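To be precise, the following lines are final.txt, and they hold compact mmCIF, C-alpha atoms.
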# COMPACT_ATOMS: atom_id res chain seq x y z
CA MET A 1 13.85 40.31 21.15
CA GLU A 2 16.70 42.42 22.43
CA PHE A 3 18.28 45.11 20.27
CA ASN A 4 21.50 46.77 21.39
CA VAL A 5 23.10 49.60 19.42
CA THR A 6 26.48 51.20 19.99
CA ASN A 7 27.12 54.28 17.91
CA HIS A 8 30.81 54.85 17.35
CA GLN A 9 32.18 57.43 14.95
CA LEU A 10 29.87 58.61 12.17
CA CYS A 11 31.46 60.94 9.64
CA VAL A 12 29.92 61.67 6.27
CA GLY A 13 31.42 63.71 3.46
CA ASP A 14 29.43 66.01 1.20
CA ILE A 15 25.85 65.17 0.24
CA LYS A 16 24.30 66.10 -3.08
CA ILE A 17 20.59 65.51 -3.61
CA THR A 18 18.49 66.39 -6.63
CA GLY A 19 15.13 66.26 -4.95
CA VAL A 20 13.30 65.40 -1.76
CA ALA A 21 9.59 65.13 -2.57
CA SER A 22 6.21 63.58 -1.79
CA SER A 23 6.41 63.63 1.99
CA ALA A 24 9.94 62.26 2.01
CA LEU A 25 12.17 62.68 5.02
CA PHE A 26 15.86 63.46 4.91
CA LEU A 27 17.26 63.63 8.39
CA ILE A 28 20.65 64.07 9.95
CA GLY A 29 20.30 63.07 13.55
CA ASP A 30 18.70 60.49 15.79
CA VAL A 31 15.05 59.60 15.70
CA GLN A 32 12.96 57.39 17.93
CA THR A 33 10.25 56.33 15.52
CA VAL A 34 9.60 56.79 11.81
CA GLN A 35 6.34 55.91 10.09
CA LEU A 36 6.08 56.37 6.35
CA SER A 37 3.14 55.72 4.09
CA SER A 38 2.88 56.34 0.37
CA ALA A 39 0.19 55.66 -2.20
CA PHE A 40 0.56 56.26 -5.92
CA ASP A 41 -2.35 55.50 -8.21
CA THR A 42 -2.28 55.49 -12.01
CA PRO A 43 -4.79 52.84 -13.07
CA PRO A 44 -5.66 52.02 -16.72
CA GLU A 45 -8.76 54.24 -16.39
CA SER A 46 -6.54 57.22 -15.74
CA LEU A 47 -5.25 57.08 -19.31
CA ILE A 48 -7.77 59.07 -21.28
CA ILE A 49 -7.55 59.14 -25.07
CA GLY A 50 -9.37 61.99 -26.75
CA PRO A 51 -9.24 65.72 -26.25
CA PHE A 52 -12.69 66.64 -24.95
CA VAL A 53 -13.28 63.92 -22.42
CA PRO A 54 -13.42 65.11 -18.82
CA PHE A 55 -10.87 63.86 -16.34
CA ALA A 56 -10.81 60.27 -15.13
CA PRO A 57 -14.01 58.77 -13.76
CA LYS A 58 -14.21 58.32 -10.04
CA GLY A 59 -12.06 55.56 -8.67
CA MET B 60 18.46 57.97 25.38
CA PHE B 61 19.39 59.78 22.17
CA SER B 62 21.78 62.60 22.72
CA ARG B 63 24.01 62.86 19.68
CA ILE B 64 24.76 66.24 18.21
CA SER B 65 24.57 66.72 14.44
CA LYS B 66 27.35 68.83 12.99
CA VAL B 67 26.78 70.00 9.43
CA LYS B 68 29.27 72.28 7.69
CA SER B 69 26.70 73.90 5.42
CA ILE B 70 23.26 73.28 3.96
CA SER B 71 21.82 74.88 0.87
CA SER B 72 18.74 74.41 -1.28
CA LYS B 73 17.48 76.14 -4.42
CA THR B 74 13.76 75.59 -3.92
CA LEU B 75 11.60 74.73 -0.96
CA ILE B 76 7.97 74.55 -2.00
CA PHE B 77 4.52 73.09 -1.22
CA SER B 78 4.61 73.06 2.58
CA SER B 79 8.09 71.61 2.81
CA THR B 80 10.21 72.29 5.83
CA MET B 81 13.88 72.73 6.54
CA GLN B 82 14.16 72.01 10.22
CA ILE B 83 17.38 72.96 11.98
CA GLY B 84 17.41 71.93 15.61
CA ASP B 85 15.69 69.26 17.66
CA CYS B 86 11.98 68.73 17.50
CA SER B 87 9.58 66.41 19.24
CA TYR B 88 7.48 65.30 16.29
CA ILE B 89 7.08 65.67 12.53
CA ASP B 90 3.75 64.96 10.89
CA GLY B 91 3.81 65.51 7.14
CA LYS B 92 0.97 64.85 4.75
CA SER B 93 0.63 65.48 1.02
CA PHE B 94 -2.27 64.84 -1.35
CA ALA B 95 -1.46 65.44 -5.02
CA LEU B 96 -3.24 65.21 -8.33
CA ALA B 97 -0.71 64.86 -11.12
CA ILE B 98 -2.41 65.56 -14.42
CA GLN B 99 -0.55 65.26 -17.71
CA LYS B 100 -2.39 66.65 -20.69
CA LYS B 101 -1.35 67.67 -24.18
CA SER B 102 -3.06 70.97 -24.74
CA GLU B 103 -2.27 74.61 -25.41
CA THR B 104 -4.77 75.66 -22.81
CA PHE B 105 -5.55 74.17 -19.46
CA GLN B 106 -9.07 75.27 -18.59
CA SER B 107 -10.05 75.06 -14.97
CA VAL B 108 -12.22 72.00 -14.47
CA ASP B 109 -13.83 71.25 -11.14
CA ILE B 110 -11.51 68.56 -9.82
CA HIS B 111 -11.72 67.35 -6.27
CA PHE B 112 -9.21 65.03 -4.72
CA GLU B 113 -11.97 63.56 -2.52
CA ASP B 114 -13.69 62.16 -5.61
CA TYR B 115 -10.88 59.70 -6.18
CA GLU B 116 -10.58 56.35 -4.46
CA ILE B 117 -6.97 56.97 -3.40
CA SER B 118 -8.08 59.71 -1.01
CA LYS B 119 -10.61 57.45 0.71
CA ARG B 120 -8.53 54.36 1.30
CA PRO B 121 -7.32 53.89 4.87
CA PHE B 122 -3.96 55.13 5.98
CA TYR B 123 -1.66 52.15 6.50
CA ILE B 124 1.40 52.78 8.59
CA PRO B 125 3.81 50.45 10.35
CA ARG B 126 2.98 49.88 14.01
CA LEU B 127 4.97 51.63 16.71
CA ASN B 128 4.77 49.23 19.66
CA GLU B 129 7.00 46.45 18.36
CA PRO B 130 7.89 43.91 21.03
CA VAL B 131 11.57 44.78 20.97
CA ILE B 132 13.69 45.70 23.98
CA SER B 133 16.21 48.16 22.64
CA SER B 134 19.13 49.98 24.21
CA PHE B 135 21.45 52.57 22.72
CA SER B 136 24.83 53.93 23.71
CA ASN B 137 26.74 56.72 22.03
CA PRO B 138 30.48 56.66 22.74
CA ASN B 139 30.93 59.31 20.04
CA PRO B 140 28.38 62.05 20.63
CA PHE B 141 28.63 63.62 17.16
CA ILE B 142 27.28 62.99 13.68
CA ARG B 143 29.55 64.89 11.34
CA VAL B 144 28.43 65.77 7.84
CA GLY B 145 30.12 67.95 5.25
CA HIS B 146 28.34 70.27 2.85
CA ILE B 147 24.78 69.41 1.85
CA ASN B 148 23.31 70.60 -1.42
CA ILE B 149 19.69 69.83 -2.26
CA ILE B 150 18.19 71.24 -5.43
CA GLY B 151 14.54 70.85 -4.58
CA ILE B 152 12.45 70.06 -1.53
CA SER B 153 8.79 69.64 -2.35
CA THR B 154 5.32 68.45 -1.32
CA SER B 155 5.42 68.26 2.47
CA SER B 156 8.92 66.88 2.61
CA VAL B 157 11.18 67.54 5.54
CA VAL B 158 14.91 68.06 5.57
CA GLY B 159 16.11 68.06 9.12
CA VAL B 160 19.28 68.49 11.12
CA GLY B 161 18.92 67.47 14.73
CA ASN B 162 17.15 64.90 16.80
CA VAL B 163 13.52 64.04 16.29
CA GLY B 164 11.14 62.22 18.57
CA HIS B 165 8.57 60.81 16.20
CA ALA B 166 8.22 61.22 12.46
CA ARG B 167 5.12 60.32 10.47
CA MET B 168 4.87 61.09 6.77
CA GLU B 169 2.05 60.35 4.36
CA SER B 170 1.86 60.81 0.60
CA ARG B 171 -0.98 60.15 -1.82
CA VAL B 172 -0.62 60.81 -5.54
CA LYS B 173 -3.26 60.33 -8.21
CA HIS B 174 -1.76 60.37 -11.68
CA ILE B 175 -3.93 61.03 -14.74
CA ARG B 176 -2.79 61.18 -18.36
CA GLU B 177 -4.89 62.66 -21.12
CA ILE B 178 -3.62 61.95 -24.61
CA PRO B 179 -5.23 63.50 -27.71
CA LYS B 180 -6.50 61.12 -30.39
CA LYS B 181 -4.79 61.97 -33.65
CA THR B 182 -4.12 59.61 -36.55
CA GLU B 183 -0.88 61.23 -37.66
CA GLU B 184 0.52 61.13 -34.18
CA THR B 185 2.35 58.24 -32.58
CA PRO B 186 0.13 55.21 -31.97
CA ILE B 187 -1.53 54.82 -28.57
CA GLU B 188 0.18 51.47 -27.94
CA GLY B 189 3.51 53.21 -27.79
CA SER B 190 2.37 55.88 -25.38
CA THR B 191 0.68 53.59 -22.89
CA ASN B 192 3.90 52.35 -21.39
CA THR B 193 5.50 55.74 -21.01
CA THR B 194 5.53 57.16 -17.55
Turn this file's structure into structure tokens for me.
Amino acid sequence: MEFNVTNHQLCVGDIKITGVASSALFLIGDVQTVQLSSAFDTPPESLIIGPFVPFAPKG
Amino acid sequence: MFSRISKVKSISSKTLIFSSTMQIGDCSYIDGKSFALAIQKKSETFQSVDIHFEDYEISKRPFYIPRLNEPVISSFSNPNPFIRVGHINIIGISTSSVVGVGNVGHARMESRVKHIREIPKKTEETPIEGSTNTT
């Protein structure tokens, strides 16, 4: 596969962002490679009902 | 190959916490990693319990990232050598995030979050069924 890119004018106005979090990347500029990986775990076992139970069991 | 210049009028941020970076200028590589335990608990006190991120399965699972050596022949040309951006306002930058202005060689970011909710059992309170679907 051949991939040809021609970058003509790129003008952006103002940018307003509330938050950039959890290893996010906000970049103005060129980049050769980007690799992103994200894992978020909230299984049914992580919902604990009762006040004196220790935190979620392993897993 | 890449030689565009980023022109930003201004950049401002209220908070920059938990190993976050505001990078102004070119850099060869970015490697960000964040491991977080998000615990929600209804309690007046939050006693320190021995919690280790390594005890949870999410910290042990392998790190899956997209491959770099894709069989693609790519070429780039930049007739306009500028990227112009106006004013940037970011309220918060957190947990190993990167806000950058300039060219970057390679960027690799990883995030792992384990979310735990602890809800007290009380009869007069809202039923559990209603609280299970809340985020």
- [ ] Choose the residue, out of A:Val34, A:Ala39, A:Val12, A:Ile48, that has the smallest atom-to-atom separation from Arg126 in chain B; count only C-alpha atoms.
- [x] A:Val34
- [ ] To one decimal in Å, tell me the separation between CA of Lys66 in chain B and CA of Gln82 in chain B.
- [x] 13.8 Å
Open item on the list: Which residues are near Asn4 in chain A? Cut-off 9 Å, all atoms listed in the file, ignore same chain within fewer than 4 positions. Put them as a ChimeraX atom specification.
Closed with: /B:132-136
TODO: List the residues sitting within 8 Å of (28.5, 75.6, 6.1) in the file's frame, using all atoms listed in the file, as a list in words.
DONE: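 Result, sorted by chain then residue number: Val67, Lys68, Ser69, Ile70, Gly145 and His146 of chain B.
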TODO: Could you check which of B:Val131, B:Val158, B:Ile110, B:Ile147 is closest to Ala97 in chain B, using only C-alpha atoms?
DONE: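 Among B:Val131, B:Val158, B:Ile110, B:Ile147, it is B:Ile110 that comes nearest to Ala97 in chain B.
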Near-Asp30 in chain A list (10 Å; only C-alpha atoms; drop same-chain fewer than 3 positions) as a short mmCIF file (atom, residue, chain, number, x, y, z; two decimals) with C-alpha atoms, keeping the file's coordinate frame:
data_model
loop_
_atom_site.label_atom_id
_atom_site.label_comp_id
_atom_site.auth_asym_id
_atom_site.auth_seq_id
_atom_site.Cartn_x
_atom_site.Cartn_y
_atom_site.Cartn_z
CA LEU A 27 17.26 63.63 8.39
CA THR A 33 10.25 56.33 15.52
CA MET B 60 18.46 57.97 25.38
CA PHE B 61 19.39 59.78 22.17
CA SER B 62 21.78 62.60 22.72
CA ARG B 63 24.01 62.86 19.68
CA ILE B 64 24.76 66.24 18.21
CA SER B 65 24.57 66.72 14.44
CA ASP B 85 15.69 69.26 17.66
CA ILE B 142 27.28 62.99 13.68
CA VAL B 160 19.28 68.49 11.12
CA GLY B 161 18.92 67.47 14.73
CA ASN B 162 17.15 64.90 16.80
CA VAL B 163 13.52 64.04 16.29
CA GLY B 164 11.14 62.22 18.57
#
TODO: Figure out the distance between CA of Ser22 in chain A and CA of Asp114 in chain B, please, to one decimal in Å.
DONE: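 The value is 20.3 Å.
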- [ ] Kindly indicate which residue among B:Cys86, B:Gln106, B:Ser71, B:Ser93 lies nearest to chain A, using all atoms listed in the file for the distances.
- [x] B:Ser93
Task: Length of the CA of Arg176 in chain B to CA of Leu47 in chain A vector [Å] - done: 4.9 Å
Task: Distance query Phe40 in chain A at most 9 Å, all atoms listed in the file, self and fewer than 5 positions along chain excluded, as number ranges by chain - done: B: 117, 170-174
